[in-house]
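Student: Following this line is protein.csv, made up of CSV, C-alpha atoms and all ligand atoms:
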```csv
chain,number,residue,atom,x,y,z
A,1385,MET,CA,-13.6,-76.5,-39.4
A,1386,SER,CA,-14.6,-80.2,-39.6
A,1387,ALA,CA,-17.9,-81.3,-38.0
A,1388,GLU,CA,-15.9,-83.4,-35.5
A,1389,ARG,CA,-13.8,-80.5,-34.4
A,1390,VAL,CA,-16.9,-78.3,-34.0
A,1391,THR,CA,-18.5,-81.0,-31.8
A,1392,VAL,CA,-15.4,-81.2,-29.5
A,1393,LYS,CA,-15.2,-77.4,-29.2
A,1394,GLU,CA,-18.9,-77.3,-28.4
A,1395,LYS,CA,-18.5,-79.9,-25.6
A,1396,VAL,CA,-15.5,-78.1,-24.1
A,1397,LEU,CA,-17.5,-74.8,-24.1
A,1398,SER,CA,-20.6,-76.4,-22.6
A,1399,ALA,CA,-18.6,-78.0,-19.8
A,1400,ASN,CA,-16.9,-74.7,-19.2
A,1401,ASP,CA,-20.2,-72.8,-19.1
A,1402,GLN,CA,-21.7,-75.3,-16.7
A,1403,LEU,CA,-18.8,-74.9,-14.2
A,1404,ALA,CA,-18.9,-71.1,-14.7
A,1405,ALA,CA,-22.6,-71.0,-13.9
A,1406,GLU,CA,-21.9,-72.9,-10.6
A,1407,THR,CA,-19.1,-70.4,-9.8
A,1408,ARG,CA,-21.4,-67.5,-10.5
A,1409,ALA,CA,-24.1,-68.9,-8.2
A,1410,ARG,CA,-21.6,-69.4,-5.5
A,1411,LEU,CA,-20.1,-65.9,-5.8
A,1412,GLN,CA,-23.6,-64.4,-5.8
A,1413,ALA,CA,-24.7,-66.4,-2.7
A,1414,GLU,CA,-21.6,-65.0,-0.9
A,1415,GLY,CA,-22.2,-61.5,-2.2
A,1416,VAL,CA,-18.9,-61.3,-4.0
A,1417,PHE,CA,-18.6,-59.1,-7.1
A,1418,ALA,CA,-16.1,-60.6,-9.5
A,1419,VAL,CA,-14.4,-58.7,-12.4
A,1420,ASN,CA,-12.7,-60.6,-15.2
A,1421,LEU,CA,-10.0,-58.2,-16.6
A,1422,ILE,CA,-9.1,-58.8,-20.3
A,1423,SER,CA,-6.5,-57.1,-22.5
A,1424,SER,CA,-3.5,-57.5,-24.7
A,1425,PRO,CA,-0.2,-58.4,-23.0
A,1426,GLY,CA,1.2,-55.4,-21.3
A,1427,SER,CA,-1.8,-53.1,-21.5
A,1428,GLY,CA,-1.4,-52.3,-17.8
A,1429,LYS,CA,-3.8,-54.7,-16.0
A,1430,THR,CA,-1.5,-55.5,-13.0
A,1431,THR,CA,-0.4,-51.9,-12.6
A,1432,LEU,CA,-4.1,-50.7,-12.7
A,1433,LEU,CA,-4.9,-53.4,-10.1
A,1434,GLU,CA,-2.1,-52.3,-7.9
A,1435,CYS,CA,-3.5,-48.7,-7.9
A,1436,THR,CA,-7.1,-50.0,-7.6
A,1437,VAL,CA,-6.2,-52.2,-4.6
A,1438,ASP,CA,-4.5,-49.3,-2.8
A,1439,LEU,CA,-7.5,-47.0,-3.3
A,1440,MET,CA,-10.2,-49.5,-2.5
A,1441,LYS,CA,-8.6,-51.6,0.3
A,1442,PRO,CA,-9.6,-49.2,3.1
A,1443,SER,CA,-13.3,-49.6,2.3
A,1444,LEU,CA,-13.8,-53.1,0.8
A,1445,ARG,CA,-12.5,-56.6,1.3
A,1446,LEU,CA,-10.6,-57.5,-1.9
A,1447,GLY,CA,-9.0,-60.5,-3.5
A,1448,VAL,CA,-7.1,-61.1,-6.8
A,1449,MET,CA,-6.5,-64.1,-9.0
A,1450,ALA,CA,-3.6,-63.4,-11.3
A,1451,GLY,CA,-3.5,-65.5,-14.5
A,1452,ASP,CA,-0.4,-65.9,-16.5
A,1453,VAL,CA,1.0,-68.3,-19.1
A,1454,GLN,CA,4.1,-68.7,-16.9
A,1455,THR,CA,5.6,-67.1,-13.7
A,1456,ARG,CA,4.0,-65.8,-10.6
A,1457,ASN,CA,5.3,-62.3,-11.3
A,1458,ASP,CA,1.9,-60.5,-11.3
A,1459,ALA,CA,0.8,-62.4,-8.1
A,1460,ASP,CA,4.0,-61.4,-6.4
A,1461,ARG,CA,3.5,-57.7,-7.3
A,1462,LEU,CA,-0.1,-57.8,-5.9
A,1463,ILE,CA,0.7,-59.7,-2.7
A,1464,ARG,CA,2.8,-56.7,-1.7
A,1465,HIS,CA,-0.4,-54.7,-1.5
A,1466,GLY,CA,-1.6,-56.7,1.5
A,1467,ILE,CA,-4.6,-58.6,0.1
A,1468,PRO,CA,-5.2,-62.3,-0.6
A,1469,VAL,CA,-3.8,-63.2,-4.0
A,1470,GLU,CA,-3.7,-66.5,-5.9
A,1471,ALA,CA,-1.5,-67.2,-9.0
A,1472,ILE,CA,-2.9,-69.3,-11.8
A,1473,GLU,CA,-0.3,-70.5,-14.3
A,1474,THR,CA,-1.9,-71.9,-17.4
A,1475,GLY,CA,1.3,-73.6,-18.6
A,1476,GLY,CA,0.8,-72.4,-22.2
A,1477,GLY,CA,-2.9,-71.8,-22.3
A,1478,CYS,CA,-3.9,-68.4,-23.8
A,1479,HIS,CA,-6.8,-67.8,-21.5
A,1480,LEU,CA,-8.1,-68.8,-18.1
A,1481,ASP,CA,-11.0,-71.3,-17.9
A,1482,ALA,CA,-13.8,-72.0,-15.4
A,1483,ARG,CA,-12.1,-75.0,-14.0
A,1484,GLN,CA,-8.9,-73.1,-13.1
A,1485,VAL,CA,-11.0,-70.3,-11.5
A,1486,SER,CA,-13.2,-72.7,-9.6
A,1487,ARG,CA,-10.1,-74.4,-8.2
A,1488,ALA,CA,-8.4,-71.2,-7.2
A,1489,LEU,CA,-11.7,-70.0,-5.5
A,1490,THR,CA,-11.2,-72.6,-2.8
A,1491,THR,CA,-8.2,-70.6,-1.5
A,1492,PHE,CA,-10.3,-67.5,-0.8
A,1493,ASP,CA,-12.5,-66.8,2.2
A,1494,LEU,CA,-15.5,-65.7,0.2
A,1495,SER,CA,-17.5,-64.8,3.2
A,1496,ASN,CA,-14.8,-62.2,3.9
A,1497,THR,CA,-14.6,-60.9,0.3
A,1498,ASP,CA,-16.6,-58.1,-1.4
A,1499,LEU,CA,-14.7,-57.7,-4.7
A,1500,LEU,CA,-12.6,-60.3,-6.5
A,1501,PHE,CA,-10.5,-59.4,-9.5
A,1502,ILE,CA,-9.5,-62.1,-12.0
A,1503,GLU,CA,-6.6,-60.9,-14.1
A,1504,ASN,CA,-6.9,-63.0,-17.3
A,1505,VAL,CA,-3.9,-64.0,-19.4
A,1506,GLY,CA,-2.7,-61.1,-21.6
A,1507,ASN,CA,-4.6,-61.8,-24.9
A,1508,LEU,CA,-7.4,-59.9,-26.5
A,1509,VAL,CA,-8.9,-62.8,-28.4
A,1510,CYS,CA,-9.1,-66.2,-26.5
A,1511,PRO,CA,-10.2,-64.9,-23.0
A,1512,ALA,CA,-13.3,-63.3,-24.6
A,1513,GLY,CA,-14.8,-66.8,-25.4
A,1514,PHE,CA,-14.5,-68.3,-21.9
A,1515,ASP,CA,-17.0,-67.6,-19.2
A,1516,LEU,CA,-15.3,-67.8,-15.8
A,1517,GLY,CA,-18.4,-67.2,-13.7
A,1518,GLU,CA,-17.5,-63.5,-13.2
A,1519,SER,CA,-20.1,-60.8,-12.6
A,1520,VAL,CA,-18.7,-58.7,-15.4
A,1521,LYS,CA,-15.9,-58.6,-17.9
A,1522,VAL,CA,-13.9,-55.4,-18.2
A,1523,VAL,CA,-11.7,-54.8,-21.2
A,1524,LEU,CA,-8.6,-52.7,-21.0
A,1525,MET,CA,-6.7,-51.1,-23.9
A,1526,SER,CA,-3.7,-48.9,-23.7
A,1527,VAL,CA,-3.4,-45.8,-25.9
A,1528,THR,CA,-0.3,-47.2,-27.5
A,1529,GLU,CA,-2.3,-50.0,-29.1
A,1530,GLY,CA,-4.1,-47.7,-31.5
A,1531,ASP,CA,-7.7,-46.5,-31.5
A,1532,ASP,CA,-9.1,-49.1,-33.9
A,1533,LYS,CA,-8.8,-52.1,-31.5
A,1534,PRO,CA,-12.5,-52.3,-30.6
A,1535,VAL,CA,-13.5,-52.9,-34.2
A,1536,LYS,CA,-10.5,-55.2,-35.0
A,1537,TYR,CA,-11.0,-57.4,-31.9
A,1538,PRO,CA,-14.8,-56.9,-31.2
A,1539,ALA,CA,-15.6,-60.0,-29.1
A,1540,ALA,CA,-13.9,-58.7,-25.9
A,1541,PHE,CA,-15.5,-55.3,-26.3
A,1542,LYS,CA,-18.9,-56.7,-27.1
A,1543,ARG,CA,-19.0,-58.9,-24.0
A,1544,ALA,CA,-17.6,-56.3,-21.5
A,1545,ALA,CA,-19.5,-54.1,-19.2
A,1546,ALA,CA,-16.7,-51.5,-19.2
A,1547,LEU,CA,-13.7,-50.3,-21.2
A,1548,VAL,CA,-10.7,-48.9,-19.3
A,1549,LEU,CA,-8.4,-46.9,-21.5
A,1550,THR,CA,-4.9,-47.0,-19.9
A,1551,LYS,CA,-1.6,-45.1,-20.1
A,1552,THR,CA,-3.3,-41.8,-21.1
A,1553,ASP,CA,-0.2,-40.0,-19.9
A,1554,LEU,CA,1.4,-41.1,-23.1
A,1555,VAL,CA,-1.2,-39.5,-25.4
A,1556,PRO,CA,1.0,-36.4,-26.1
A,1557,HIS,CA,3.6,-38.7,-27.7
A,1558,LEU,CA,1.1,-40.5,-30.0
A,1559,GLN,CA,-1.4,-40.0,-32.8
A,1560,PHE,CA,-4.4,-41.2,-30.8
A,1561,SER,CA,-8.0,-40.1,-31.0
A,1562,LEU,CA,-10.0,-40.5,-27.8
A,1563,GLU,CA,-13.2,-39.6,-29.8
A,1564,ARG,CA,-12.4,-42.3,-32.4
A,1565,VAL,CA,-11.8,-45.1,-29.8
A,1566,LEU,CA,-15.1,-44.2,-28.1
A,1567,GLU,CA,-16.9,-44.1,-31.3
A,1568,TYR,CA,-15.5,-47.5,-32.3
A,1569,ALA,CA,-16.1,-49.1,-28.9
A,1570,ARG,CA,-19.7,-47.9,-28.7
A,1571,SER,CA,-20.4,-49.1,-32.3
A,1572,VAL,CA,-19.5,-52.6,-31.0
A,1573,ASN,CA,-21.2,-52.2,-27.6
A,1574,PRO,CA,-23.4,-49.1,-27.0
A,1575,ASP,CA,-23.8,-49.9,-23.3
A,1576,LEU,CA,-20.1,-50.0,-22.5
A,1577,ALA,CA,-19.1,-47.9,-19.5
A,1578,PHE,CA,-15.9,-46.0,-20.3
A,1579,PHE,CA,-12.9,-44.9,-18.1
A,1580,SER,CA,-9.9,-43.0,-19.3
A,1581,THR,CA,-7.0,-43.7,-16.9
A,1582,SER,CA,-3.4,-43.4,-16.2
A,1583,SER,CA,-1.9,-45.5,-13.4
A,1584,TYR,CA,1.2,-43.3,-13.5
A,1585,THR,CA,-0.6,-40.0,-12.8
A,1586,GLY,CA,-3.8,-41.3,-11.2
A,1587,ASP,CA,-6.0,-39.7,-13.8
A,1588,GLY,CA,-9.5,-41.3,-14.0
A,1589,LEU,CA,-8.9,-43.8,-11.1
A,1590,ALA,CA,-11.5,-42.1,-8.9
A,1591,GLU,CA,-14.1,-42.6,-11.6
A,1592,TRP,CA,-13.0,-46.2,-12.2
A,1593,THR,CA,-13.0,-47.2,-8.5
A,1594,GLY,CA,-16.3,-45.3,-8.0
A,1595,TRP,CA,-17.9,-47.4,-10.6
A,1596,LEU,CA,-16.6,-50.6,-9.1
A,1597,ALA,CA,-17.8,-49.5,-5.6
A,1598,GLY,CA,-21.3,-48.8,-7.1
A,1599,GLN,CA,-21.4,-52.3,-8.7
A,1600,VAL,CA,-20.5,-53.9,-5.3
A,1601,ALA,CA,-23.1,-51.9,-3.5
A,1602,ALA,CA,-25.8,-52.9,-6.1
A,1603,LEU,CA,-24.9,-56.6,-5.7
A,1604,LYS,CA,-25.2,-56.3,-1.9
A,1605,ARG,CA,-28.7,-54.7,-2.3
A,1606,SER,CA,-30.0,-57.3,-4.7
B,1,LIG,N1,3.2,-44.7,-19.2
B,1,LIG,C1,2.4,-45.6,-18.6
B,1,LIG,N2,2.9,-46.9,-18.5
B,1,LIG,C2,2.2,-47.8,-17.8
B,1,LIG,C3,0.9,-47.5,-17.2
B,1,LIG,N3,0.4,-48.6,-16.6
B,1,LIG,C4,1.3,-49.5,-16.8
B,1,LIG,N4,2.4,-49.1,-17.5
B,1,LIG,C5,3.5,-49.9,-17.9
B,1,LIG,O1,3.2,-50.8,-18.8
B,1,LIG,C6,4.0,-52.0,-18.7
B,1,LIG,C7,3.1,-53.2,-18.5
B,1,LIG,O2,2.3,-53.1,-17.4
B,1,LIG,P1,1.6,-54.3,-16.7
B,1,LIG,O3,0.7,-53.7,-15.6
B,1,LIG,O4,2.6,-55.3,-16.3
B,1,LIG,O5,0.7,-54.9,-17.8
B,1,LIG,P2,-0.2,-56.2,-17.9
B,1,LIG,O6,-1.4,-55.9,-18.7
B,1,LIG,O7,-0.5,-56.7,-16.5
B,1,LIG,O8,0.8,-57.3,-18.6
B,1,LIG,P3,0.5,-58.9,-18.7
B,1,LIG,O9,0.0,-59.4,-17.4
B,1,LIG,O10,1.9,-59.4,-19.1
B,1,LIG,O11,-0.4,-59.0,-19.9
B,1,LIG,C8,4.8,-51.8,-17.4
B,1,LIG,O12,6.1,-51.3,-17.8
B,1,LIG,C9,4.1,-50.7,-16.7
B,1,LIG,O13,4.9,-49.9,-15.9
B,1,LIG,C10,0.5,-46.1,-17.3
B,1,LIG,O14,-0.6,-45.7,-16.8
B,1,LIG,N5,1.3,-45.2,-18.0
B,2,MG,MG,-0.2,-58.5,-15.6
```
Any chance you could put this one into structure tokens?

Tutor:
Amino acid sequence: MSAERVTVKEKVLSANDQLAAETRARLQAEGVFAVNLISSPGSGKTTLLECTVDLMKPSLRLGVMAGDVQTRNDADRLIRHGIPVEAIETGGGCHLDARQVSRALTTFDLSNTDLLFIENVGNLVCPAGFDLGESVKVVLMSVTEGDDKPVKYPAAFKRAAALVLTKTDLVPHLQFSLERVLEYARSVNPDLAFFSTSSYTGDGLAEWTGWLAGQVAALKRS
């Protein structure tokens, strides 16, 4: 990469980081725990969110920002679950950025929100490099993607607080090793919390939502 391109990229990242830091301070002041969900296209982010919202809605005040390159499809799916949802269309961009999230944040009543999910654009590479001001990144991978993804696309796994393995109902039809994916993931990030889930059967969702509730409670105590 030329020196000029490196400088431009550094400027973009530093402007993004500054805005993300402002968003993080705002969310913290309002006691909102924000989760930036990152995965390849179709790993099951929206489906997991639909289940998560149904399970957590009775006890916490939730909101979702749904990022997509094009369409409001994910936002429309989530709105049906009766919580505030804002769609962010990137118009070609392969990740959300802090400016889009900061703008979308104005549509939420933060004083009435405990837990805000940000569904990033389906992509395992670009979203990992952009801070949105979230409390934590959570990376999803479905069992159909193959167990070596943590070492092939390490950035998202390295920066995440948790890994949610999805679609585990399909394991009987695949050659997939849960031990190997855990070993790879922990070699990249030893502190990664791990949840093995199926949104179809409900397996692992109690552990996942329990972890989220614990994170929200810890923020309220801090
Ligand atoms: N078998 C199985 N299929 C699932 C599960 N969760 C989601 N799917 C299916 O996987 C496909 C993609 O799910 P989505 O939730 O739309 O995935 P996504 O990650 O939000 O997709 P993008 O937003 O486009 O990146 C859909 O056909 C879902 O029904 C699951 O637990 N088991
Ligand atoms: Mg989606």

Student: Got a sec to check which residues sit within 10 Å of (-5.7, -57.4, -25.9), counting all atoms listed in the file, and write them as a PDB file with C-alpha atoms, in the coordinates of the input?

Tutor:
```pdb
ATOM      1  CA  ILE A1422      -9.100 -58.800 -20.300  1.00  0.00           C
ATOM      2  CA  SER A1423      -6.500 -57.100 -22.500  1.00  0.00           C
ATOM      3  CA  SER A1424      -3.500 -57.500 -24.700  1.00  0.00           C
ATOM      4  CA  PRO A1425      -0.200 -58.400 -23.000  1.00  0.00           C
ATOM      5  CA  GLY A1426       1.200 -55.400 -21.300  1.00  0.00           C
ATOM      6  CA  SER A1427      -1.800 -53.100 -21.500  1.00  0.00           C
ATOM      7  CA  VAL A1505      -3.900 -64.000 -19.400  1.00  0.00           C
ATOM      8  CA  GLY A1506      -2.700 -61.100 -21.600  1.00  0.00           C
ATOM      9  CA  ASN A1507      -4.600 -61.800 -24.900  1.00  0.00           C
ATOM     10  CA  LEU A1508      -7.400 -59.900 -26.500  1.00  0.00           C
ATOM     11  CA  VAL A1509      -8.900 -62.800 -28.400  1.00  0.00           C
ATOM     12  CA  CYS A1510      -9.100 -66.200 -26.500  1.00  0.00           C
ATOM     13  CA  PRO A1511     -10.200 -64.900 -23.000  1.00  0.00           C
ATOM     14  CA  ALA A1512     -13.300 -63.300 -24.600  1.00  0.00           C
ATOM     15  CA  VAL A1523     -11.700 -54.800 -21.200  1.00  0.00           C
ATOM     16  CA  LEU A1524      -8.600 -52.700 -21.000  1.00  0.00           C
ATOM     17  CA  MET A1525      -6.700 -51.100 -23.900  1.00  0.00           C
ATOM     18  CA  SER A1526      -3.700 -48.900 -23.700  1.00  0.00           C
ATOM     19  CA  GLU A1529      -2.300 -50.000 -29.100  1.00  0.00           C
ATOM     20  CA  LYS A1533      -8.800 -52.100 -31.500  1.00  0.00           C
ATOM     21  CA  PRO A1534     -12.500 -52.300 -30.600  1.00  0.00           C
ATOM     22  CA  TYR A1537     -11.000 -57.400 -31.900  1.00  0.00           C
ATOM     23  CA  ALA A1540     -13.900 -58.700 -25.900  1.00  0.00           C
TER      24      ALA A1540
END
```

Student: Step by step, measure atom-to-atom distances between ligand LIG 1 (chain B) and each residue using only C-alpha atoms and all ligand atoms, keep those at most 7 Å, then write them as a ChimeraX atom specification.

Tutor: /A:1423-1432,1452,1458,1505-1506,1550-1554,1581-1585

Student: I need the residue nearest Leu1494 of chain A from this list: A:Glu1470, A:Glu1518, A:Glu1414, A:Glu1567. Use all atoms listed in the file for the distance.

Tutor: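 Answer, going by the shortest atom-to-atom distance: A:Glu1414.
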
Student: Which residue out of A:Asp1498, A:Glu1406, A:Glu1503, A:Glu1434 has the minimum interatomic distance to ligand MG 2 (chain B) when all atoms listed in the file are used?

Tutor: A:Glu1503

Student: Considering all atoms listed in the file, state which residue in the set A:His1557, A:Arg1464, A:Arg1456, A:Arg1543 is at the smallest distance from ligand MG 2 (chain B).

Tutor: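 Checking each candidate against ligand MG 2 (chain B), we get A:Arg1456 as the closest.
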
Student: Please check which residues have atoms at most 10 Å from (-9.0, -68.6, -4.1) in the file's coordinates, counting only C-alpha atoms, and write them as a ChimeraX atom specification.

Tutor: /A:1447-1449,1468-1472,1485-1494,1500

Student: Could you turn the residues from that selection into a file that holds C-alpha atoms, as a PDB file, keeping the file's coordinate frame?

Tutor:
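File out_4.pdb, as written:
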```
ATOM      1  CA  GLY A1447      -9.000 -60.500  -3.500  1.00  0.00           C
ATOM      2  CA  VAL A1448      -7.100 -61.100  -6.800  1.00  0.00           C
ATOM      3  CA  MET A1449      -6.500 -64.100  -9.000  1.00  0.00           C
ATOM      4  CA  PRO A1468      -5.200 -62.300  -0.600  1.00  0.00           C
ATOM      5  CA  VAL A1469      -3.800 -63.200  -4.000  1.00  0.00           C
ATOM      6  CA  GLU A1470      -3.700 -66.500  -5.900  1.00  0.00           C
ATOM      7  CA  ALA A1471      -1.500 -67.200  -9.000  1.00  0.00           C
ATOM      8  CA  ILE A1472      -2.900 -69.300 -11.800  1.00  0.00           C
ATOM      9  CA  VAL A1485     -11.000 -70.300 -11.500  1.00  0.00           C
ATOM     10  CA  SER A1486     -13.200 -72.700  -9.600  1.00  0.00           C
ATOM     11  CA  ARG A1487     -10.100 -74.400  -8.200  1.00  0.00           C
ATOM     12  CA  ALA A1488      -8.400 -71.200  -7.200  1.00  0.00           C
ATOM     13  CA  LEU A1489     -11.700 -70.000  -5.500  1.00  0.00           C
ATOM     14  CA  THR A1490     -11.200 -72.600  -2.800  1.00  0.00           C
ATOM     15  CA  THR A1491      -8.200 -70.600  -1.500  1.00  0.00           C
ATOM     16  CA  PHE A1492     -10.300 -67.500  -0.800  1.00  0.00           C
ATOM     17  CA  ASP A1493     -12.500 -66.800   2.200  1.00  0.00           C
ATOM     18  CA  LEU A1494     -15.500 -65.700   0.200  1.00  0.00           C
ATOM     19  CA  LEU A1500     -12.600 -60.300  -6.500  1.00  0.00           C
TER      20      LEU A1500
END
```

Student: Using all atoms listed in the file, which of A:Ala1409, A:Val1437, A:Leu1403, A:Ala1459 sits nearest ligand MG 2 (chain B)?

Tutor: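 Smallest distance to ligand MG 2 (chain B) is found for A:Ala1459.
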
Student: Measuring between all atoms listed in the file, which one of A:Arg1483, A:Arg1564, A:Gln1402, A:Cys1478 shows the shortest distance to Gln1454 of chain A?

Tutor: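 When distances to Gln1454 of chain A are compared using all atoms listed in the file, the smallest one comes from A:Cys1478.
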
Student: For each of A:Asp1575, A:Glu1563, A:Asp1460, A:Glu1591, take the minimum atom-to-atom distance to ligand MG 2 (chain B), counting only C-alpha atoms and all ligand atoms, then give the residue where this is smallest.

Tutor: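 Using only C-alpha atoms and all ligand atoms, the shortest distance to ligand MG 2 (chain B) belongs to A:Asp1460.
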
Student: For Asn1504 of chain A, work out the shell of residues within 7 Å, counting all atoms listed in the file and skipping chain neighbours fewer than 3 positions away, then give it as a ChimeraX atom specification.

Tutor: /A:1420-1422,1450-1451,1479-1480,1511

Student: Could you state the separation of atom CA of Pro1442 of chain A and atom CA of Thr1455 of chain A in Å, given to one decimal place?

Tutor: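 If I compute the distance from atom CA of Pro1442 of chain A to atom CA of Thr1455 of chain A, I get 28.9 Å.
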
Student: So how many Å separate atom CA of Gly1598 of chain A and atom CA of Thr1497 of chain A, to one decimal?

Tutor: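 We find that atom CA of Gly1598 of chain A and atom CA of Thr1497 of chain A lie 15.7 Å from each other.
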
Student: Atom CA of Arg1389 of chain A to atom CA of Lys1542 of chain A: how many Å, to one decimal?

Tutor: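 Atom CA of Arg1389 of chain A sits 25.4 Å away from atom CA of Lys1542 of chain A.
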
Student: Supply segment 1498-1522 of chain A as a short mmCIF file (atom, residue, chain, number, x, y, z; two decimals), in the coordinates of the input, with N, CA and C atoms built in where the input has gaps.

Tutor:
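Result went into result11.cif, see below:
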```cif
data_model
loop_
_atom_site.label_atom_id
_atom_site.label_comp_id
_atom_site.auth_asym_id
_atom_site.auth_seq_id
_atom_site.Cartn_x
_atom_site.Cartn_y
_atom_site.Cartn_z
N ASP A 1498 -15.52 -58.88 -0.72
CA ASP A 1498 -16.60 -58.10 -1.40
C ASP A 1498 -16.31 -58.04 -2.91
N LEU A 1499 -15.04 -57.93 -3.27
CA LEU A 1499 -14.70 -57.70 -4.70
C LEU A 1499 -13.48 -58.53 -5.05
N LEU A 1500 -13.69 -59.38 -6.05
CA LEU A 1500 -12.60 -60.30 -6.50
C LEU A 1500 -12.24 -59.95 -7.93
N PHE A 1501 -10.97 -59.64 -8.14
CA PHE A 1501 -10.50 -59.40 -9.50
C PHE A 1501 -9.85 -60.65 -10.05
N ILE A 1502 -10.14 -60.93 -11.30
CA ILE A 1502 -9.50 -62.10 -12.00
C ILE A 1502 -8.72 -61.45 -13.15
N GLU A 1503 -7.38 -61.39 -13.02
CA GLU A 1503 -6.60 -60.90 -14.10
C GLU A 1503 -6.37 -62.01 -15.12
N ASN A 1504 -6.99 -61.92 -16.30
CA ASN A 1504 -6.90 -63.00 -17.30
C ASN A 1504 -5.48 -62.94 -17.94
N VAL A 1505 -5.15 -63.96 -18.68
CA VAL A 1505 -3.90 -64.00 -19.40
C VAL A 1505 -3.91 -62.88 -20.47
N GLY A 1506 -2.78 -62.22 -20.66
CA GLY A 1506 -2.70 -61.10 -21.60
C GLY A 1506 -2.99 -61.62 -23.05
N ASN A 1507 -4.17 -61.31 -23.55
CA ASN A 1507 -4.60 -61.80 -24.90
C ASN A 1507 -5.98 -61.16 -25.10
N LEU A 1508 -6.17 -60.54 -26.26
CA LEU A 1508 -7.40 -59.90 -26.50
C LEU A 1508 -8.46 -60.74 -27.22
N VAL A 1509 -8.05 -61.97 -27.58
CA VAL A 1509 -8.90 -62.80 -28.40
C VAL A 1509 -9.50 -63.98 -27.51
N CYS A 1510 -8.61 -64.92 -27.11
CA CYS A 1510 -9.10 -66.20 -26.50
C CYS A 1510 -9.89 -65.92 -25.17
N PRO A 1511 -9.48 -65.03 -24.26
CA PRO A 1511 -10.20 -64.90 -23.00
C PRO A 1511 -11.69 -64.48 -23.21
N ALA A 1512 -11.97 -63.81 -24.33
CA ALA A 1512 -13.30 -63.30 -24.60
C ALA A 1512 -14.33 -64.48 -24.70
N GLY A 1513 -13.86 -65.65 -25.14
CA GLY A 1513 -14.80 -66.80 -25.40
C GLY A 1513 -15.02 -67.68 -24.23
N PHE A 1514 -14.39 -67.41 -23.08
CA PHE A 1514 -14.50 -68.30 -21.90
C PHE A 1514 -15.11 -67.64 -20.72
N ASP A 1515 -16.33 -68.06 -20.39
CA ASP A 1515 -17.00 -67.60 -19.20
C ASP A 1515 -16.27 -68.16 -17.97
N LEU A 1516 -15.93 -67.33 -16.99
CA LEU A 1516 -15.30 -67.80 -15.80
C LEU A 1516 -16.20 -67.84 -14.58
N GLY A 1517 -17.42 -67.33 -14.79
CA GLY A 1517 -18.40 -67.20 -13.70
C GLY A 1517 -18.30 -65.82 -13.05
N GLU A 1518 -17.63 -64.89 -13.74
CA GLU A 1518 -17.50 -63.50 -13.20
C GLU A 1518 -18.82 -62.78 -13.26
N SER A 1519 -18.88 -61.69 -12.50
CA SER A 1519 -20.10 -60.80 -12.60
C SER A 1519 -20.01 -59.98 -13.84
N VAL A 1520 -18.84 -59.45 -14.14
CA VAL A 1520 -18.70 -58.70 -15.40
C VAL A 1520 -17.27 -58.90 -15.97
N LYS A 1521 -17.19 -58.75 -17.28
CA LYS A 1521 -15.90 -58.60 -17.90
C LYS A 1521 -15.58 -57.17 -18.08
N VAL A 1522 -14.31 -56.82 -17.90
CA VAL A 1522 -13.90 -55.40 -18.20
C VAL A 1522 -12.69 -55.55 -19.12
#
```
